[in-house]
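K.L.:
I'd like to ask you about the structure that follows.
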Amino acid sequence: MVRRYVGIDPSTKTGIVVLDEDGEVWEADEIVREGKDPDRMISLLDEVSSRLLPSDIVCIEDFAYAQANQMALLGGIGWGIRMMLRRRGIQYYEVATGQLKNFAGAKGNCGKEELILPIYELWKFKNSSDNVRDAFVLAQICLAIYESPKLFKYQQDVITKIKARGSDLKCLKPSQPRSKQSAATKRKRQSSSL
């Protein structure tokens, strides 16, 4: 079975890129849905979900600061995608925006347009959408975590930091219902609370 590495840049125009274990691009797309929320958000989440396989490993861009009127919407989309991943048992890493930019060889506070050239120079990847470009770098980070390709020192530093935050690997298994407590355990807890 081919392992797939997926980068997701969650937004109202969500970027998604799928790589195989050799770094070949299988999919690079920007998902956009029209209409009123929450139906638009549901449609967007359903489309992202339909593109994923249970065995995929995902890197998703962590939450960034946005204009106040956009924060609630972007937070809803970001959490919606994370909840879908968890429900489906798909493991994922959260990658800070600065880490994404550093991995591409740019400064952590650079603008999105400043990533175009570094991404092309490193991987010969071009796309007109900054969301797809970000998703591509996220997929490359995911690939680097598991396949250990040759990396520059600045890229190794990013991977080391992501791995050090081991708690950020989410959804090793789908969430399970809580196990039933034995009658003895229940009685013990009840008597200790009296």
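Ligands are numbered from 1 in the order shown, residues from 1 within each chain, and chains are lettered A, B, ... in the order they appear in the structure tokens.
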Counting only C-alpha atoms, what is within 12 Å of Met1 in chain A, bar same-chain residues fewer than 2 positions away, as a PyMOL selection string?

P.N.:
chain A and resi 3-4+20-21+53+55-56

K.L.:
Filtering to all heavy atoms, could you give me those residues as a short mmCIF file (atom, residue, chain, number, x, y, z; two decimals), in the first residue's frame?

P.N.:
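result04.cif written:
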```cif
data_model
loop_
_atom_site.label_atom_id
_atom_site.label_comp_id
_atom_site.auth_asym_id
_atom_site.auth_seq_id
_atom_site.Cartn_x
_atom_site.Cartn_y
_atom_site.Cartn_z
N ARG A 3 1.86 4.87 0.92
CA ARG A 3 1.54 5.82 1.98
C ARG A 3 1.38 7.20 1.35
O ARG A 3 2.15 7.59 0.48
CB ARG A 3 2.66 5.84 3.01
CG ARG A 3 2.36 6.82 4.15
CD ARG A 3 3.35 6.73 5.24
NE ARG A 3 3.03 5.57 6.05
CZ ARG A 3 3.65 5.26 7.17
NH1 ARG A 3 4.64 5.99 7.61
NH2 ARG A 3 3.32 4.20 7.86
N ARG A 4 0.36 7.92 1.78
CA ARG A 4 0.10 9.25 1.26
C ARG A 4 0.31 10.28 2.36
O ARG A 4 -0.10 10.08 3.50
CB ARG A 4 -1.35 9.35 0.74
CG ARG A 4 -1.62 8.42 -0.40
CD ARG A 4 -3.02 8.49 -0.97
NE ARG A 4 -3.97 9.34 -0.27
CZ ARG A 4 -4.93 10.04 -0.87
NH1 ARG A 4 -5.05 10.00 -2.18
NH2 ARG A 4 -5.78 10.75 -0.17
N ASP A 20 2.92 11.14 -2.60
CA ASP A 20 3.22 9.76 -2.26
C ASP A 20 4.57 9.72 -1.53
O ASP A 20 5.18 10.77 -1.30
CB ASP A 20 3.19 8.85 -3.49
CG ASP A 20 4.30 9.14 -4.50
OD1 ASP A 20 5.27 9.87 -4.19
OD2 ASP A 20 4.19 8.63 -5.64
N GLU A 21 5.04 8.52 -1.18
CA GLU A 21 6.27 8.42 -0.39
C GLU A 21 7.52 8.85 -1.16
O GLU A 21 8.58 9.05 -0.57
CB GLU A 21 6.45 7.03 0.19
CG GLU A 21 6.54 5.93 -0.83
CD GLU A 21 5.32 5.02 -0.82
OE1 GLU A 21 4.61 4.95 0.17
OE2 GLU A 21 5.09 4.39 -1.85
N LEU A 53 -7.94 9.38 2.73
CA LEU A 53 -8.03 7.95 3.01
C LEU A 53 -7.69 7.71 4.48
O LEU A 53 -6.92 8.48 5.07
CB LEU A 53 -7.04 7.17 2.14
CG LEU A 53 -7.21 7.31 0.62
CD1 LEU A 53 -6.09 6.57 -0.10
CD2 LEU A 53 -8.57 6.82 0.19
N SER A 55 -5.65 5.80 5.90
CA SER A 55 -4.23 5.60 6.16
C SER A 55 -3.38 6.85 5.91
O SER A 55 -2.17 6.83 6.12
CB SER A 55 -3.70 4.45 5.29
OG SER A 55 -3.91 4.76 3.92
N ASP A 56 -3.99 7.94 5.46
CA ASP A 56 -3.24 9.17 5.19
C ASP A 56 -2.65 9.72 6.48
O ASP A 56 -3.19 9.55 7.57
CB ASP A 56 -4.15 10.24 4.59
CG ASP A 56 -4.53 9.96 3.15
OD1 ASP A 56 -3.90 9.09 2.52
OD2 ASP A 56 -5.48 10.61 2.66
#
```

K.L.:
Mind the document's chain letters and residue numbers, and return as a PyMOL selection string the residues of range 102-149 of chain A that DSSP labels helix (DSSP H, G or I).

P.N.:
chain A and resi 102-103+112-123+130-147

K.L.:
Just to be explicit: take each residue in the selection above, keep N, CA, C and O atoms, and write the result as a CSV table (one decimal), in the first residue's frame.

P.N.:
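Everything below was put into part24.csv:
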```
chain,number,residue,atom,x,y,z
A,102,ASN,N,9.7,28.6,7.5
A,102,ASN,CA,11.1,28.2,7.7
A,102,ASN,C,11.4,27.0,6.9
A,102,ASN,O,12.5,26.9,6.4
A,103,PHE,N,10.6,26.0,6.8
A,103,PHE,CA,10.8,24.8,6.1
A,103,PHE,C,11.1,25.0,4.7
A,103,PHE,O,11.8,24.3,4.0
A,112,LYS,N,3.1,35.8,2.1
A,112,LYS,CA,2.8,34.6,1.3
A,112,LYS,C,3.5,34.6,-0.1
A,112,LYS,O,3.9,33.6,-0.6
A,113,GLU,N,3.5,35.8,-0.7
A,113,GLU,CA,4.2,35.9,-2.0
A,113,GLU,C,5.7,35.7,-2.0
A,113,GLU,O,6.2,35.2,-3.0
A,114,GLU,N,6.3,35.9,-0.8
A,114,GLU,CA,7.7,35.7,-0.7
A,114,GLU,C,8.1,34.2,-0.7
A,114,GLU,O,9.2,33.8,-0.7
A,115,LEU,N,7.1,33.3,-0.6
A,115,LEU,CA,7.3,31.9,-0.6
A,115,LEU,C,7.4,31.3,-2.0
A,115,LEU,O,7.8,30.2,-2.2
A,116,ILE,N,6.9,32.0,-3.0
A,116,ILE,CA,6.8,31.5,-4.4
A,116,ILE,C,8.1,31.0,-4.9
A,116,ILE,O,8.3,29.8,-5.3
A,117,LEU,N,9.2,31.8,-4.8
A,117,LEU,CA,10.5,31.5,-5.3
A,117,LEU,C,11.1,30.4,-4.5
A,117,LEU,O,11.6,29.4,-5.1
A,118,PRO,N,11.2,30.5,-3.2
A,118,PRO,CA,11.8,29.4,-2.4
A,118,PRO,C,11.2,28.0,-2.7
A,118,PRO,O,11.8,27.0,-2.8
A,119,ILE,N,9.8,28.0,-2.8
A,119,ILE,CA,9.1,26.7,-3.1
A,119,ILE,C,9.5,26.2,-4.5
A,119,ILE,O,9.8,25.0,-4.6
A,120,TYR,N,9.6,27.1,-5.4
A,120,TYR,CA,10.0,26.6,-6.8
A,120,TYR,C,11.5,26.1,-6.8
A,120,TYR,O,11.8,25.1,-7.4
A,121,GLU,N,12.3,26.9,-6.1
A,121,GLU,CA,13.8,26.5,-6.1
A,121,GLU,C,14.0,25.2,-5.4
A,121,GLU,O,14.8,24.4,-5.9
A,122,LEU,N,13.3,24.9,-4.3
A,122,LEU,CA,13.5,23.7,-3.6
A,122,LEU,C,12.9,22.5,-4.3
A,122,LEU,O,13.4,21.4,-4.3
A,123,TRP,N,11.6,22.6,-4.8
A,123,TRP,CA,10.9,21.5,-5.2
A,123,TRP,C,10.3,21.6,-6.7
A,123,TRP,O,9.7,20.7,-7.1
A,130,ASP,N,-1.9,30.7,-3.0
A,130,ASP,CA,-1.1,30.6,-1.9
A,130,ASP,C,-1.5,29.5,-0.9
A,130,ASP,O,-0.7,28.9,-0.2
A,131,ASN,N,-2.8,29.2,-0.9
A,131,ASN,CA,-3.3,28.1,-0.1
A,131,ASN,C,-2.8,26.8,-0.5
A,131,ASN,O,-2.5,25.9,0.3
A,132,VAL,N,-2.7,26.5,-1.8
A,132,VAL,CA,-2.2,25.3,-2.3
A,132,VAL,C,-0.7,25.3,-2.1
A,132,VAL,O,-0.1,24.2,-1.7
A,133,ARG,N,0.0,26.4,-2.3
A,133,ARG,CA,1.5,26.4,-2.0
A,133,ARG,C,1.7,26.1,-0.5
A,133,ARG,O,2.6,25.3,-0.2
A,134,ASP,N,1.0,26.6,0.4
A,134,ASP,CA,1.1,26.3,1.8
A,134,ASP,C,0.9,24.8,2.1
A,134,ASP,O,1.6,24.2,2.8
A,135,ALA,N,-0.2,24.3,1.4
A,135,ALA,CA,-0.5,22.9,1.6
A,135,ALA,C,0.6,22.0,1.1
A,135,ALA,O,0.9,21.0,1.6
A,136,PHE,N,1.2,22.4,0.0
A,136,PHE,CA,2.3,21.7,-0.6
A,136,PHE,C,3.5,21.6,0.4
A,136,PHE,O,4.1,20.5,0.6
A,137,VAL,N,3.9,22.7,1.0
A,137,VAL,CA,4.9,22.7,2.0
A,137,VAL,C,4.5,21.8,3.2
A,137,VAL,O,5.4,21.1,3.7
A,138,LEU,N,3.3,21.9,3.6
A,138,LEU,CA,2.8,21.1,4.7
A,138,LEU,C,3.0,19.6,4.4
A,138,LEU,O,3.4,18.8,5.2
A,139,ALA,N,2.6,19.2,3.2
A,139,ALA,CA,2.8,17.8,2.7
A,139,ALA,C,4.2,17.4,2.7
A,139,ALA,O,4.6,16.3,3.1
A,140,GLN,N,5.1,18.3,2.3
A,140,GLN,CA,6.5,18.1,2.3
A,140,GLN,C,7.1,17.9,3.7
A,140,GLN,O,7.9,17.0,4.0
A,141,ILE,N,6.5,18.6,4.7
A,141,ILE,CA,6.9,18.4,6.1
A,141,ILE,C,6.5,17.0,6.6
A,141,ILE,O,7.2,16.3,7.2
A,142,CYS,N,5.3,16.7,6.2
A,142,CYS,CA,4.7,15.4,6.6
A,142,CYS,C,5.6,14.2,6.0
A,142,CYS,O,6.0,13.3,6.7
A,143,LEU,N,6.0,14.4,4.7
A,143,LEU,CA,6.9,13.4,4.1
A,143,LEU,C,8.2,13.3,4.8
A,143,LEU,O,8.7,12.3,5.1
A,144,ALA,N,8.7,14.5,5.2
A,144,ALA,CA,10.1,14.5,5.9
A,144,ALA,C,10.0,13.9,7.2
A,144,ALA,O,11.0,13.3,7.6
A,145,ILE,N,8.9,14.0,7.9
A,145,ILE,CA,8.8,13.3,9.2
A,145,ILE,C,8.9,11.8,9.1
A,145,ILE,O,9.5,11.2,9.9
A,146,TYR,N,8.3,11.2,8.1
A,146,TYR,CA,8.3,9.8,7.9
A,146,TYR,C,9.3,9.2,7.0
A,146,TYR,O,9.7,8.0,7.2
A,147,GLU,N,9.6,9.8,5.9
A,147,GLU,CA,10.5,9.2,4.9
A,147,GLU,C,12.0,9.6,5.0
A,147,GLU,O,12.8,9.1,4.3
```

K.L.:
Compare A:Ala96, A:Val48, A:Val32, A:Ile90 by their minimum atom-to-atom distance to Glu61 in chain A, counting only C-alpha atoms, and give me the closest one.

P.N.:
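Result for the nearest residue to Glu61 in chain A: A:Ala96.
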
K.L.:
Of the candidates A:Ile57, A:Ala164, A:Ala72, A:Cys110, which shows the shortest atom-to-atom distance to Val18 in chain A, using only C-alpha atoms?

P.N.:
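Comparing A:Ile57, A:Ala164, A:Ala72, A:Cys110 against Val18 in chain A, the winner is A:Ile57.
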
K.L.:
Neighbouring residues of Leu44 in chain A were defined as those with any atom within 12 Å, considering only C-alpha atoms; residues of the same chain fewer than 6 positions away were excluded. Please report them as an MDAnalysis selection string.

P.N.:
chainID A and resid 10:16 30:38 50:51 76:78 80:81 84

K.L.:
Store the residues of this selection in a file with C-alpha atoms, as a CSV table (one decimal), in the first residue's frame.

P.N.:
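Saved result, selection-v1.csv, follows:
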```
chain,number,residue,atom,x,y,z
A,10,PRO,CA,-7.7,25.4,6.2
A,11,SER,CA,-9.4,28.5,5.0
A,12,THR,CA,-12.5,29.6,3.1
A,13,LYS,CA,-10.4,28.5,0.2
A,14,THR,CA,-8.8,25.4,1.6
A,15,GLY,CA,-5.6,24.2,0.0
A,16,ILE,CA,-5.0,20.4,-0.2
A,30,GLU,CA,-8.0,24.6,-3.8
A,31,ILE,CA,-11.4,23.7,-2.5
A,32,VAL,CA,-13.9,26.6,-2.6
A,33,ARG,CA,-17.6,26.4,-1.8
A,34,GLU,CA,-20.3,29.1,-2.4
A,35,GLY,CA,-23.4,29.8,-0.4
A,36,LYS,CA,-24.3,30.8,3.1
A,37,ASP,CA,-22.8,29.4,6.3
A,38,PRO,CA,-23.0,27.0,7.9
A,50,SER,CA,-13.9,12.9,0.6
A,51,ARG,CA,-10.3,13.4,-0.6
A,76,GLY,CA,-14.8,27.1,12.6
A,77,ILE,CA,-13.3,25.7,9.4
A,78,GLY,CA,-10.0,24.8,11.2
A,80,GLY,CA,-14.2,21.4,11.7
A,81,ILE,CA,-11.4,19.8,9.7
A,84,MET,CA,-13.4,15.3,10.9
```

K.L.:
In Å, with one decimal, what is the gap from CA of Gly105 in chain A to CA of Tyr92 in chain A?

P.N.:
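Separation of CA of Gly105 in chain A and CA of Tyr92 in chain A: 22.7 Å.
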
K.L.:
Would you please give, as a list of chain:residue names, all residues of range 45-102 of chain A that DSSP assigns to strand (DSSP E or B) based on the backbone?

P.N.:
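Strand (DSSP E or B) members of range 45-102 of chain A, listed: A:Ile57, A:Val58, A:Cys59, A:Ile60, A:Glu61, A:Gln91, A:Tyr92, A:Tyr93, A:Glu94, A:Val95.
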
K.L.:
Figure out the distance between CA of Val95 in chain A and CA of Ile162 in chain A, please, to one decimal in Å.

P.N.:
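Calculated distance between CA of Ile162 in chain A and CA of Val95 in chain A is 7.2 Å.
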
K.L.:
Identify, on the basis of only C-alpha atoms, every residue whose closest approach to Thr97 in chain A does not exceed 8 Å; exclude the query and any residue fewer than 4 positions from it along the same chain; express the result as a ChimeraX atom specification.

P.N.:
/A:61-64,101,108

K.L.:
Tell me, in Å to one decimal, how far CA of Val6 in chain A is from CA of Gly89 in chain A.

P.N.:
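So the two atoms, CA of Val6 in chain A and CA of Gly89 in chain A, lie 14.5 Å apart.
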